[in-house]
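Enquirer: I have a structure I would like to understand better, so I am pasting it below and will then ask my questions one at a time.
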Amino acid sequence: AVLATMSAALPAKGLMGFKAYTHGKSGARFWVCLFDAADGRPRAVIEADWLGRMRTGATSGLATKYLAAAQASVLTIIGAGGQSLAQVLAVAA
């Protein structure tokens, strides 16, 4: 399996954190951990598989809102795998 992390801080909001994911034979798993920037105490631990799918789907939804023809009525999803449900929900919203 592989472990990867990405970290960031939002000093104006008093938060810091990281996203970690593992990838192995059974697929990928994602976690987001947020901490108080002043004292380091944990604020949230989020199982983020669905969170990532929603973020990716939201991109398609936003693009569709501004770029699709107003009379468009058909959506085709090809090769989106686990992302497909979030794509459809965001475009239909």
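By order of appearance in the structure tokens: chains A, B, ..., then residues from 1 within every chain, and ligands from 1 in the order shown.
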Mind checking which residues fall within 10 Å of region 24-31 of chain A, counting only C-alpha atoms, ignoring those fewer than 3 positions away in the same chain, and posting them as a list in words?
Expert: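 The filter keeps Ala1, Val2, Leu3, Ala4, Thr5, Phe18, Lys19, Ala20, Tyr21, Val45, Ile46, Glu47, Ala48, Asp49, Trp50, Leu51 and Gly52 of chain A.
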Enquirer: Could those selected residues go to a file with N, CA and C atoms, as a tab-separated table (two decimals), in the first residue's frame?
Expert:
```tsv
chain	number	residue	atom	x	y	z
A	1	ALA	N	0.84	-1.19	0.00
A	1	ALA	CA	0.00	0.00	0.00
A	1	ALA	C	0.88	1.24	0.00
A	2	VAL	N	0.29	2.34	-0.42
A	2	VAL	CA	0.98	3.62	-0.50
A	2	VAL	C	0.25	4.61	0.41
A	3	LEU	N	0.99	5.46	1.12
A	3	LEU	CA	0.43	6.52	1.95
A	3	LEU	C	0.90	7.85	1.40
A	4	ALA	N	-0.02	8.78	1.19
A	4	ALA	CA	0.32	10.13	0.74
A	4	ALA	C	-0.40	11.14	1.61
A	5	THR	N	0.22	12.28	1.85
A	5	THR	CA	-0.39	13.34	2.66
A	5	THR	C	-0.23	14.69	1.99
A	18	PHE	N	-4.50	18.24	7.53
A	18	PHE	CA	-3.96	17.47	6.42
A	18	PHE	C	-5.01	16.53	5.85
A	19	LYS	N	-4.78	16.17	4.61
A	19	LYS	CA	-5.56	15.11	3.96
A	19	LYS	C	-4.57	13.98	3.73
A	20	ALA	N	-4.96	12.79	4.11
A	20	ALA	CA	-4.12	11.62	3.90
A	20	ALA	C	-4.91	10.59	3.12
A	21	TYR	N	-4.22	9.89	2.25
A	21	TYR	CA	-4.89	8.78	1.58
A	21	TYR	C	-3.94	7.61	1.42
A	45	VAL	N	-11.94	14.84	12.62
A	45	VAL	CA	-11.37	13.75	11.83
A	45	VAL	C	-12.50	13.28	10.92
A	46	ILE	N	-12.29	13.38	9.62
A	46	ILE	CA	-13.36	13.12	8.66
A	46	ILE	C	-12.95	12.02	7.71
A	47	GLU	N	-13.77	10.98	7.60
A	47	GLU	CA	-13.58	9.97	6.57
A	47	GLU	C	-14.02	10.65	5.28
A	48	ALA	N	-13.10	10.84	4.35
A	48	ALA	CA	-13.32	11.80	3.27
A	48	ALA	C	-13.50	11.19	1.88
A	49	ASP	N	-13.82	9.92	1.77
A	49	ASP	CA	-14.07	9.35	0.44
A	49	ASP	C	-15.20	10.12	-0.26
A	50	TRP	N	-16.35	10.25	0.40
A	50	TRP	CA	-17.49	10.95	-0.20
A	50	TRP	C	-17.22	12.44	-0.33
A	51	LEU	N	-16.48	13.03	0.59
A	51	LEU	CA	-16.13	14.44	0.53
A	51	LEU	C	-15.39	14.76	-0.77
A	52	GLY	N	-14.42	13.92	-1.12
A	52	GLY	CA	-13.68	14.12	-2.37
A	52	GLY	C	-14.56	13.96	-3.60
```
Enquirer: Among region 4-67 of chain A, which ones does DSSP assign to helix (DSSP H, G or I) (computed from the backbone)? Answer as a ChimeraX atom specification.
Expert: /A:11-13,49-67
Enquirer: Those same residues - C-alpha atoms - I'd like them written as a PDB file, in the first residue's frame.
Expert:
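Result written to out26.pdb:
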```pdb
ATOM      1  CA  PRO A  11      -4.147  31.126  10.079  1.00  0.00           C
ATOM      2  CA  ALA A  12      -7.023  33.610   9.710  1.00  0.00           C
ATOM      3  CA  LYS A  13      -9.450  30.816  10.699  1.00  0.00           C
ATOM      4  CA  ASP A  49     -14.067   9.355   0.437  1.00  0.00           C
ATOM      5  CA  TRP A  50     -17.490  10.945  -0.202  1.00  0.00           C
ATOM      6  CA  LEU A  51     -16.135  14.445   0.526  1.00  0.00           C
ATOM      7  CA  GLY A  52     -13.683  14.116  -2.372  1.00  0.00           C
ATOM      8  CA  ARG A  53     -16.400  12.812  -4.670  1.00  0.00           C
ATOM      9  CA  MET A  54     -18.649  15.765  -3.789  1.00  0.00           C
ATOM     10  CA  ARG A  55     -15.833  18.246  -4.441  1.00  0.00           C
ATOM     11  CA  THR A  56     -15.114  16.714  -7.843  1.00  0.00           C
ATOM     12  CA  GLY A  57     -18.810  16.545  -8.701  1.00  0.00           C
ATOM     13  CA  ALA A  58     -19.276  20.173  -7.681  1.00  0.00           C
ATOM     14  CA  THR A  59     -16.701  21.173 -10.289  1.00  0.00           C
ATOM     15  CA  SER A  60     -18.798  19.505 -12.996  1.00  0.00           C
ATOM     16  CA  GLY A  61     -21.971  21.062 -11.622  1.00  0.00           C
ATOM     17  CA  LEU A  62     -20.475  24.541 -11.665  1.00  0.00           C
ATOM     18  CA  ALA A  63     -19.036  24.083 -15.160  1.00  0.00           C
ATOM     19  CA  THR A  64     -22.406  22.835 -16.419  1.00  0.00           C
ATOM     20  CA  LYS A  65     -24.222  25.805 -14.904  1.00  0.00           C
ATOM     21  CA  TYR A  66     -22.050  28.303 -16.754  1.00  0.00           C
ATOM     22  CA  LEU A  67     -20.983  26.448 -19.898  1.00  0.00           C
TER      23      LEU A  67
END
```
Enquirer: Could you give me the residues within chain A that DSSP places in strand (DSSP E), as number ranges by chain?
Expert: A: 2-10, 15-24, 27-36, 42-47
Enquirer: Hey, can you spit out that residue selection with N, CA and C atoms as a short mmCIF file (atom, residue, chain, number, x, y, z; two decimals), in the first residue's frame?
Expert:
```cif
data_model
loop_
_atom_site.label_atom_id
_atom_site.label_comp_id
_atom_site.auth_asym_id
_atom_site.auth_seq_id
_atom_site.Cartn_x
_atom_site.Cartn_y
_atom_site.Cartn_z
N VAL A 2 0.29 2.34 -0.42
CA VAL A 2 0.98 3.62 -0.50
C VAL A 2 0.25 4.61 0.41
N LEU A 3 0.99 5.46 1.12
CA LEU A 3 0.43 6.52 1.95
C LEU A 3 0.90 7.85 1.40
N ALA A 4 -0.02 8.78 1.19
CA ALA A 4 0.32 10.13 0.74
C ALA A 4 -0.40 11.14 1.61
N THR A 5 0.22 12.28 1.85
CA THR A 5 -0.39 13.34 2.66
C THR A 5 -0.23 14.69 1.99
N MET A 6 -1.18 15.58 2.29
CA MET A 6 -1.13 16.97 1.84
C MET A 6 -1.55 17.82 3.03
N SER A 7 -0.78 18.83 3.35
CA SER A 7 -1.11 19.65 4.52
C SER A 7 -1.31 21.11 4.14
N ALA A 8 -2.02 21.83 5.01
CA ALA A 8 -2.28 23.25 4.78
C ALA A 8 -2.65 23.90 6.10
N ALA A 9 -2.61 25.22 6.12
CA ALA A 9 -3.02 25.98 7.30
C ALA A 9 -3.82 27.20 6.85
N LEU A 10 -4.81 27.56 7.65
CA LEU A 10 -5.60 28.78 7.45
C LEU A 10 -5.47 29.62 8.72
N LEU A 15 -7.00 27.39 11.90
CA LEU A 15 -7.01 25.97 11.59
C LEU A 15 -5.78 25.54 10.82
N MET A 16 -5.40 24.31 11.03
CA MET A 16 -4.38 23.66 10.21
C MET A 16 -4.79 22.19 10.10
N GLY A 17 -4.29 21.53 9.07
CA GLY A 17 -4.69 20.14 8.93
C GLY A 17 -4.01 19.45 7.78
N PHE A 18 -4.50 18.24 7.53
CA PHE A 18 -3.96 17.47 6.42
C PHE A 18 -5.01 16.53 5.85
N LYS A 19 -4.78 16.17 4.61
CA LYS A 19 -5.56 15.11 3.96
C LYS A 19 -4.57 13.98 3.73
N ALA A 20 -4.96 12.79 4.11
CA ALA A 20 -4.12 11.62 3.90
C ALA A 20 -4.91 10.59 3.12
N TYR A 21 -4.22 9.89 2.25
CA TYR A 21 -4.89 8.78 1.58
C TYR A 21 -3.94 7.61 1.42
N THR A 22 -4.55 6.45 1.46
CA THR A 22 -3.81 5.22 1.21
C THR A 22 -4.37 4.59 -0.05
N HIS A 23 -3.53 3.87 -0.74
CA HIS A 23 -3.97 3.17 -1.94
C HIS A 23 -3.32 1.80 -1.95
N GLY A 24 -4.15 0.79 -2.01
CA GLY A 24 -3.66 -0.58 -2.04
C GLY A 24 -4.53 -1.44 -2.93
N GLY A 27 -8.23 -0.62 -3.06
CA GLY A 27 -8.64 0.71 -3.50
C GLY A 27 -8.05 1.80 -2.64
N ALA A 28 -8.61 2.99 -2.76
CA ALA A 28 -8.10 4.16 -2.04
C ALA A 28 -9.03 4.52 -0.88
N ARG A 29 -8.44 5.05 0.19
CA ARG A 29 -9.18 5.54 1.36
C ARG A 29 -8.63 6.92 1.70
N PHE A 30 -9.55 7.86 2.01
CA PHE A 30 -9.17 9.24 2.25
C PHE A 30 -9.61 9.69 3.64
N TRP A 31 -8.78 10.51 4.30
CA TRP A 31 -9.08 11.08 5.62
C TRP A 31 -8.65 12.53 5.64
N VAL A 32 -9.44 13.37 6.30
CA VAL A 32 -9.08 14.77 6.54
C VAL A 32 -9.05 14.97 8.05
N CYS A 33 -7.97 15.55 8.55
CA CYS A 33 -7.83 15.85 9.98
C CYS A 33 -7.58 17.35 10.14
N LEU A 34 -8.39 18.00 10.98
CA LEU A 34 -8.24 19.42 11.26
C LEU A 34 -7.83 19.63 12.71
N PHE A 35 -6.96 20.62 12.93
CA PHE A 35 -6.44 20.91 14.26
C PHE A 35 -6.54 22.40 14.54
N ASP A 36 -6.65 22.75 15.82
CA ASP A 36 -6.61 24.13 16.26
C ASP A 36 -5.18 24.64 16.07
N PRO A 42 -7.08 18.45 18.30
CA PRO A 42 -7.88 18.04 17.14
C PRO A 42 -9.26 18.69 17.16
N ARG A 43 -9.69 19.14 15.99
CA ARG A 43 -11.03 19.73 15.83
C ARG A 43 -11.96 18.80 15.06
N ALA A 44 -11.39 18.01 14.12
CA ALA A 44 -12.23 17.10 13.34
C ALA A 44 -11.38 16.02 12.69
N VAL A 45 -11.94 14.84 12.62
CA VAL A 45 -11.37 13.75 11.83
C VAL A 45 -12.50 13.28 10.92
N ILE A 46 -12.29 13.38 9.62
CA ILE A 46 -13.36 13.12 8.66
C ILE A 46 -12.95 12.02 7.71
N GLU A 47 -13.77 10.98 7.60
CA GLU A 47 -13.58 9.97 6.57
C GLU A 47 -14.02 10.65 5.28
#
```
Enquirer: At what distance in Å, to one decimal, does CA of Ala93 (chain A) lie from CA of Ala70 (chain A)?
Expert: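 Rounded to one decimal, the two atoms are 14.3 Å apart.
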Enquirer: How many Å separate CA of Ala68 (chain A) from CA of Ser84 (chain A)?
Expert: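 Between these atoms lies a distance of 18.2 Å.
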Enquirer: For the atom pair CA of Gly14 (chain A) and CA of Gly40 (chain A), what is the interatomic distance in Å to one decimal place?
Expert: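 Rounded to one decimal, the two atoms are 10.0 Å apart.
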